[in-house]
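Here is start-v1.tsv, consisting of TSV, C-alpha atoms:
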chain	number	residue	atom	x	y	z
U	1	MET	CA	-52.61	-18.63	-101.35
U	2	ALA	CA	-51.65	-20.31	-104.58
U	3	SER	CA	-49.23	-18.17	-106.48
U	4	THR	CA	-49.06	-18.11	-110.24
U	5	GLU	CA	-45.56	-16.72	-110.46
U	6	ILE	CA	-43.04	-19.26	-111.73
U	7	TYR	CA	-39.80	-18.75	-109.89
U	8	ARG	CA	-37.91	-21.92	-110.77
U	9	TYR	CA	-38.37	-25.47	-111.97
U	10	LEU	CA	-37.89	-28.72	-110.15
U	11	THR	CA	-36.86	-31.69	-112.24
U	12	VAL	CA	-38.74	-34.84	-111.29
U	13	SER	CA	-38.20	-37.90	-113.49
U	14	ASP	CA	-37.54	-35.79	-116.61
U	15	GLN	CA	-40.47	-33.49	-115.97
U	16	GLU	CA	-40.12	-29.81	-115.18
U	17	ILE	CA	-42.32	-28.89	-112.22
U	18	ALA	CA	-42.96	-25.15	-111.81
U	19	LEU	CA	-42.47	-23.74	-108.30
U	20	ASP	CA	-43.35	-20.33	-106.91
U	21	PRO	CA	-40.85	-18.19	-104.96
U	22	GLU	CA	-41.66	-20.02	-101.72
U	23	GLY	CA	-41.36	-23.49	-103.21
U	24	TYR	CA	-45.07	-24.26	-103.58
U	25	LEU	CA	-46.37	-25.86	-106.76
U	26	VAL	CA	-47.68	-23.39	-109.33
U	27	HIS	CA	-49.89	-26.11	-110.85
U	28	LEU	CA	-51.36	-28.18	-108.05
U	29	GLN	CA	-52.14	-31.03	-110.42
U	30	ASP	CA	-48.38	-31.54	-110.93
U	31	TRP	CA	-48.16	-33.25	-107.56
U	32	SER	CA	-47.10	-36.87	-107.23
U	33	PRO	CA	-45.35	-38.77	-104.44
U	34	ASP	CA	-42.13	-38.39	-106.45
U	35	VAL	CA	-42.53	-34.60	-106.40
U	36	ALA	CA	-42.86	-34.75	-102.62
U	37	LEU	CA	-39.72	-36.87	-102.40
U	38	VAL	CA	-37.66	-34.47	-104.51
U	39	LEU	CA	-38.97	-31.42	-102.63
U	40	ALA	CA	-38.12	-33.07	-99.33
U	41	ALA	CA	-34.68	-34.18	-100.50
U	42	GLU	CA	-33.87	-30.59	-101.52
U	43	GLU	CA	-34.31	-29.56	-97.89
U	44	GLY	CA	-32.56	-32.60	-96.52
U	45	ARG	CA	-35.80	-34.09	-95.19
U	46	GLU	CA	-36.39	-37.80	-95.28
U	47	LEU	CA	-40.01	-38.90	-95.57
U	48	THR	CA	-40.95	-41.78	-93.31
U	49	GLU	CA	-44.25	-43.65	-93.11
U	50	GLU	CA	-45.40	-41.12	-90.50
U	51	HIS	CA	-44.69	-38.23	-92.85
U	52	TRP	CA	-46.72	-39.86	-95.60
U	53	GLU	CA	-49.66	-40.35	-93.22
U	54	VAL	CA	-49.75	-36.62	-92.58
U	55	ILE	CA	-49.32	-35.79	-96.26
U	56	THR	CA	-52.36	-37.96	-96.98
U	57	VAL	CA	-54.36	-36.17	-94.28
U	58	LEU	CA	-53.37	-32.82	-95.81
U	59	ARG	CA	-54.39	-33.88	-99.30
U	60	ASP	CA	-57.72	-35.24	-98.01
U	61	PHE	CA	-58.33	-31.98	-96.15
U	62	TYR	CA	-57.74	-29.96	-99.30
U	63	ALA	CA	-59.91	-32.27	-101.41
U	64	ARG	CA	-62.76	-31.82	-98.96
U	65	PHE	CA	-62.49	-28.15	-97.98
U	66	GLU	CA	-60.51	-26.57	-100.87
U	67	THR	CA	-58.26	-24.83	-98.37
U	68	ALA	CA	-54.86	-25.69	-96.92
U	69	PRO	CA	-55.30	-25.94	-93.14
U	70	ALA	CA	-53.59	-23.72	-90.57
U	71	MET	CA	-51.94	-25.45	-87.63
U	72	ARG	CA	-54.97	-25.91	-85.35
U	73	PRO	CA	-57.26	-27.54	-87.90
U	74	LEU	CA	-54.35	-29.64	-89.14
U	75	VAL	CA	-53.80	-30.99	-85.63
U	76	LYS	CA	-57.51	-31.73	-85.40
U	77	ALA	CA	-57.63	-33.43	-88.81
U	78	VAL	CA	-54.60	-35.57	-88.00
U	79	GLY	CA	-56.19	-36.53	-84.69
U	80	GLN	CA	-59.41	-37.55	-86.41
U	81	ALA	CA	-57.65	-39.55	-89.12
U	82	LEU	CA	-54.72	-41.09	-87.25
U	83	GLY	CA	-55.83	-41.10	-83.64
U	84	PRO	CA	-55.29	-38.79	-80.66
U	85	GLU	CA	-51.67	-39.90	-80.14
U	86	LYS	CA	-50.70	-38.32	-83.44
U	87	GLY	CA	-53.13	-35.43	-83.30
U	88	LYS	CA	-50.75	-33.31	-81.29
U	89	SER	CA	-48.74	-30.33	-82.40
U	90	LEU	CA	-45.63	-31.90	-80.84
U	91	HIS	CA	-45.88	-34.91	-83.17
U	92	LEU	CA	-46.24	-32.62	-86.19
U	93	MET	CA	-43.42	-30.35	-85.05
U	94	LYS	CA	-41.15	-33.38	-84.88
U	95	LEU	CA	-42.09	-34.54	-88.36
U	96	PHE	CA	-42.02	-31.13	-90.01
U	97	PRO	CA	-39.81	-28.82	-87.98
U	98	ASP	CA	-40.18	-25.05	-88.44
U	99	SER	CA	-43.83	-24.80	-89.45
U	100	PRO	CA	-45.75	-28.07	-89.94
U	101	ALA	CA	-48.70	-26.41	-91.67
U	102	LYS	CA	-46.52	-24.64	-94.22
U	103	VAL	CA	-43.92	-27.34	-94.80
U	104	GLY	CA	-46.60	-30.04	-94.87
U	105	ALA	CA	-48.70	-28.10	-97.37
U	106	ARG	CA	-45.70	-27.59	-99.62
U	107	LEU	CA	-44.74	-31.27	-99.61
U	108	ALA	CA	-48.37	-32.33	-100.06
U	109	GLY	CA	-48.74	-30.09	-103.11
U	110	LEU	CA	-51.24	-27.67	-101.59
U	111	PRO	CA	-51.26	-23.88	-101.74
U	112	LYS	CA	-49.59	-22.07	-98.88
U	113	PRO	CA	-51.98	-21.95	-95.92
U	114	ALA	CA	-53.35	-18.43	-95.64
U	115	ASN	CA	-54.16	-18.15	-91.97
U	116	CYS	CA	-50.78	-19.08	-90.64
U	117	LEU	CA	-47.86	-17.18	-89.16
Q	1	MET	CA	-81.86	-20.99	-78.16
Q	2	ASN	CA	-81.39	-18.81	-75.11
Q	3	ASP	CA	-78.05	-20.17	-73.96
Q	4	ILE	CA	-75.67	-18.55	-76.39
Q	5	PRO	CA	-72.09	-19.38	-75.43
Q	6	GLU	CA	-69.75	-16.56	-74.59
Q	7	GLY	CA	-66.99	-15.89	-77.07
Q	8	ASP	CA	-64.17	-13.57	-78.01
Q	9	LEU	CA	-65.41	-12.64	-81.44
Q	10	LEU	CA	-68.78	-12.53	-83.16
Q	11	VAL	CA	-68.66	-12.26	-86.93
Q	12	ILE	CA	-71.91	-10.97	-88.43
Q	13	LEU	CA	-72.54	-12.05	-92.02
Q	14	ARG	CA	-75.12	-10.07	-93.96
Q	15	HIS	CA	-74.29	-10.92	-97.57
Q	16	GLY	CA	-75.07	-13.89	-99.78
Q	17	PRO	CA	-72.33	-15.87	-101.46
Q	18	HIS	CA	-72.50	-14.29	-104.91
Q	19	GLY	CA	-72.07	-10.83	-106.33
Q	20	ASN	CA	-69.45	-9.60	-103.89
Q	21	SER	CA	-66.84	-10.99	-101.56
Q	22	TRP	CA	-68.27	-9.86	-98.22
Q	23	LEU	CA	-69.23	-13.37	-97.17
Q	24	ARG	CA	-65.85	-14.82	-98.02
Q	25	GLU	CA	-64.04	-11.95	-96.31
Q	26	GLY	CA	-66.14	-12.41	-93.19
Q	27	LEU	CA	-65.52	-16.14	-93.09
Q	28	ASP	CA	-61.81	-15.53	-93.65
Q	29	ALA	CA	-61.71	-13.16	-90.68
Q	30	ALA	CA	-63.47	-15.77	-88.55
Q	31	LEU	CA	-61.00	-18.47	-89.61
Q	32	VAL	CA	-57.98	-16.28	-88.91
Q	33	ALA	CA	-59.23	-15.47	-85.43
Q	34	ALA	CA	-60.00	-19.14	-84.76
Q	35	ALA	CA	-56.58	-20.19	-86.06
Q	36	PHE	CA	-55.10	-17.98	-83.34
Q	37	GLY	CA	-57.18	-19.55	-80.62
Q	38	GLN	CA	-60.04	-17.07	-80.32
Q	39	ARG	CA	-63.51	-18.43	-79.54
Q	40	VAL	CA	-65.49	-17.37	-82.57
Q	41	SER	CA	-69.23	-17.40	-83.26
Q	42	LEU	CA	-71.03	-16.49	-86.47
Q	43	LEU	CA	-74.34	-14.68	-86.80
Q	44	PHE	CA	-76.14	-14.83	-90.14
Q	45	LEU	CA	-78.54	-11.93	-90.64
Q	46	GLY	CA	-80.68	-10.86	-93.58
Q	47	GLU	CA	-79.29	-11.87	-96.95
Q	48	GLY	CA	-76.47	-13.64	-95.14
Q	49	VAL	CA	-78.71	-16.67	-94.57
Q	50	MET	CA	-78.47	-17.40	-98.32
Q	51	ALA	CA	-74.90	-18.47	-97.68
Q	52	LEU	CA	-76.16	-21.51	-95.82
Q	53	LEU	CA	-78.29	-23.02	-98.60
Q	54	LYS	CA	-77.30	-26.50	-99.69
Q	55	ASP	CA	-75.82	-27.47	-103.03
Q	56	GLN	CA	-74.31	-24.17	-104.02
Q	57	GLN	CA	-71.64	-24.31	-106.65
Q	58	GLU	CA	-68.69	-22.25	-107.71
Q	59	GLY	CA	-69.40	-18.89	-109.32
Q	60	PRO	CA	-69.41	-18.62	-113.12
Q	61	LEU	CA	-66.02	-16.89	-113.05
Q	62	GLY	CA	-64.47	-19.84	-111.26
Q	63	GLN	CA	-64.66	-18.34	-107.77
Q	64	LYS	CA	-64.57	-21.07	-105.18
Q	65	GLY	CA	-67.89	-21.91	-103.55
Q	66	THR	CA	-68.32	-20.96	-99.92
Q	67	GLN	CA	-69.86	-24.29	-98.90
Q	68	PRO	CA	-66.49	-26.01	-98.35
Q	69	MET	CA	-65.55	-23.07	-96.11
Q	70	LEU	CA	-68.72	-23.49	-94.08
Q	71	GLU	CA	-68.12	-27.21	-93.72
Q	72	MET	CA	-64.57	-26.47	-92.60
Q	73	LEU	CA	-65.65	-24.23	-89.70
Q	74	GLY	CA	-65.88	-27.23	-87.39
Q	75	MET	CA	-62.23	-28.03	-88.02
Q	76	TYR	CA	-61.44	-24.55	-86.69
Q	77	ASP	CA	-63.68	-25.22	-83.66
Q	78	ILE	CA	-66.22	-22.67	-84.82
Q	79	GLU	CA	-69.35	-24.47	-83.68
Q	80	THR	CA	-71.74	-21.63	-82.86
Q	81	LEU	CA	-73.62	-20.67	-85.99
Q	82	LEU	CA	-76.52	-18.39	-85.13
Q	83	VAL	CA	-79.19	-17.70	-87.73
Q	84	ASP	CA	-81.92	-15.10	-87.68
Q	85	ARG	CA	-85.16	-17.10	-87.77
Q	86	ARG	CA	-87.07	-14.26	-89.40
Q	87	ALA	CA	-84.54	-13.89	-92.21
Q	88	LEU	CA	-85.08	-17.56	-93.02
Q	89	SER	CA	-88.87	-17.42	-92.95
Q	90	GLU	CA	-88.99	-14.21	-95.00
Q	91	ARG	CA	-87.12	-16.09	-97.71
Q	92	GLY	CA	-89.12	-19.29	-97.40
Q	93	ILE	CA	-86.10	-21.25	-96.24
Q	94	GLU	CA	-86.44	-24.20	-93.86
Q	95	VAL	CA	-83.69	-25.39	-91.53
Q	96	ASP	CA	-83.59	-28.61	-93.58
Q	97	ASP	CA	-82.51	-26.56	-96.60
Q	98	LEU	CA	-79.27	-25.56	-94.89
Q	99	CYS	CA	-75.92	-27.25	-95.42
Q	100	VAL	CA	-74.69	-27.06	-91.82
Q	101	SER	CA	-76.39	-27.33	-88.46
Q	102	VAL	CA	-77.30	-23.99	-86.91
Q	103	SER	CA	-79.03	-22.43	-83.93
Q	104	LEU	CA	-82.00	-20.21	-84.68
Q	105	VAL	CA	-82.23	-16.90	-82.87
Q	106	GLU	CA	-84.60	-13.97	-83.00
Q	107	GLY	CA	-85.41	-10.72	-81.28
Q	108	GLU	CA	-83.77	-10.39	-77.89
Q	109	ALA	CA	-81.61	-13.46	-78.44
Q	110	ILE	CA	-79.81	-11.55	-81.21
Q	111	ALA	CA	-79.15	-8.70	-78.82
Q	112	GLY	CA	-77.94	-11.33	-76.34
Q	113	ALA	CA	-75.52	-12.72	-78.89
Q	114	LEU	CA	-74.02	-9.28	-79.37
Q	115	ALA	CA	-73.72	-8.82	-75.62
Q	116	HIS	CA	-72.01	-12.18	-75.14
Q	117	HIS	CA	-68.99	-11.38	-77.31
Q	118	ARG	CA	-66.09	-9.11	-76.56
Q	119	GLN	CA	-65.60	-8.05	-80.16
Q	120	ILE	CA	-67.93	-7.85	-83.12
Q	121	LEU	CA	-67.06	-7.63	-86.79
Q	122	ASN	CA	-69.77	-6.77	-89.25
Q	123	PHE	CA	-69.52	-8.04	-92.84

Give the structure from the file, written as structure tokens.
Amino acid sequence: MASTEIYRYLTVSDQEIALDPEGYLVHLQDWSPDVALVLAAEEGRELTEEHWEVITVLRDFYARFETAPAMRPLVKAVGQALGPEKGKSLHLMKLFPDSPAKVGARLAGLPKPANCL
Amino acid sequence: MNDIPEGDLLVILRHGPHGNSWLREGLDAALVAAAFGQRVSLLFLGEGVMALLKDQQEGPLGQKGTQPMLEMLGMYDIETLLVDRRALSERGIEVDDLCVSVSLVEGEAIAGALAHHRQILNF
């Protein structure tokens, strides 16, 4: 769920971006590709073309359904958008180790997925 | 529809989208179960059929509409949406007025739906 508590600020090209305690955006409209880059860099993640594909799928999912997807629907959405080769949890686990649904949602500027371990 | 698929969980929805959060809570429960791999079906009874009407908007207090949630069910592999035919006709609602595709059930088929699921949650 989107949190409204501001825990810290992320500086992205001279702008202060408010983050909640778990690193999700407090104001979803603050998102830009640069914000994703800075968030990823903080965690030592490098965003390749394949990461951006998934981030786009996540943002499209949220635009359509107003909810950040849990893992299963994310796998399905990626499969529909990018083909069955990429619509596998293994592919997503490689791109976003730990928890693809949560990490992906954070980088894509979505609220934390609710139905997710 | 006599061939109701078997499932792990049947979520019964008896409330319309506005005025309380029963519908949203019920859909949330269904999504959580589906996210963990349960085979989930929904059964819309009584006032619950109002949830399925097309073109519903957010509530006046800025609550999210439930239509995006309904459209998202397919992404969670929740494909069995059972609707009480009588509840529709009592309210003058046609299947074409609904925002998602459903299976109509009535009478014994509703009892069958209950019998075909291991667990039932009533919202």

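Computed from the coordinates, the atom CA of Q:Gln57 to atom CA of Q:Ala35 distance equals 25.8 Å.
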
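Applying a distance limit of 10 Å to all atoms listed in the file, the residues of chain Q near chain U read Asp28, Ala29, Leu31, Val32, Ala33, Ala34, Ala35, Phe36, Gly37, Lys64, Gly65, Thr66, Gln67, Pro68, Met69, Leu70, Glu71, Met72, Leu73, Gly74, Met75, Tyr76 and Asp77 of chain Q.
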
> Within 10 Å of (-46.5, -33.5, -86.4), in the coordinates the file gives, what residues turn up when you count only C-alpha atoms, written out as a PyMOL selection string?
Replying inline: chain U and resi 50-51+54+71+74-75+78+86-97+99-101+104

> Which residue gives the smallest distance to Q:Gly112 among Q:Leu23, Q:Val40, Q:Leu82, Q:Ala30, with all atoms listed in the file counted?
Replying inline: Q:Leu82

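Shortest atom-to-atom contact with Q:Leu42 among Q:Leu104, Q:Val11, Q:Leu27, Q:Leu88: Q:Val11, counting only C-alpha atoms.
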
> Residues at most 12 Å from U:Leu10, counting all atoms listed in the file, excluding those fewer than 4 positions away in the same chain, as a ChimeraX atom specification?
Replying inline: /U:6,14-20,23-26,30-31,34-42

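Our summary of the geometry notes that atom CA of Q:Leu98 is positioned 25.6 Å from atom CA of Q:Asp8.
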
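Taking atom CA of Q:Glu106 as the reference point, atom CA of Q:Arg86 is found at 6.9 Å.
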
Just want the 9 Å neighbourhood of Q:Arg14, counted on all atoms listed in the file, with same-chain residues fewer than 5 positions away dropped. Output as a PDB file with C-alpha atoms, in the coordinates of the input.
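Generated file (result_23.pdb):
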ATOM      1  CA  TRP Q  22     -68.270  -9.860 -98.220  1.00  0.00           C
ATOM      2  CA  LEU Q  23     -69.230 -13.370 -97.170  1.00  0.00           C
ATOM      3  CA  LEU Q  43     -74.340 -14.680 -86.800  1.00  0.00           C
ATOM      4  CA  PHE Q  44     -76.140 -14.830 -90.140  1.00  0.00           C
ATOM      5  CA  LEU Q  45     -78.540 -11.930 -90.640  1.00  0.00           C
ATOM      6  CA  GLY Q  46     -80.680 -10.860 -93.580  1.00  0.00           C
ATOM      7  CA  GLU Q  47     -79.290 -11.870 -96.950  1.00  0.00           C
ATOM      8  CA  GLY Q  48     -76.470 -13.640 -95.140  1.00  0.00           C
ATOM      9  CA  VAL Q  49     -78.710 -16.670 -94.570  1.00  0.00           C
ATOM     10  CA  ASN Q 122     -69.770  -6.770 -89.250  1.00  0.00           C
ATOM     11  CA  PHE Q 123     -69.520  -8.040 -92.840  1.00  0.00           C
TER      12      PHE Q 123
END
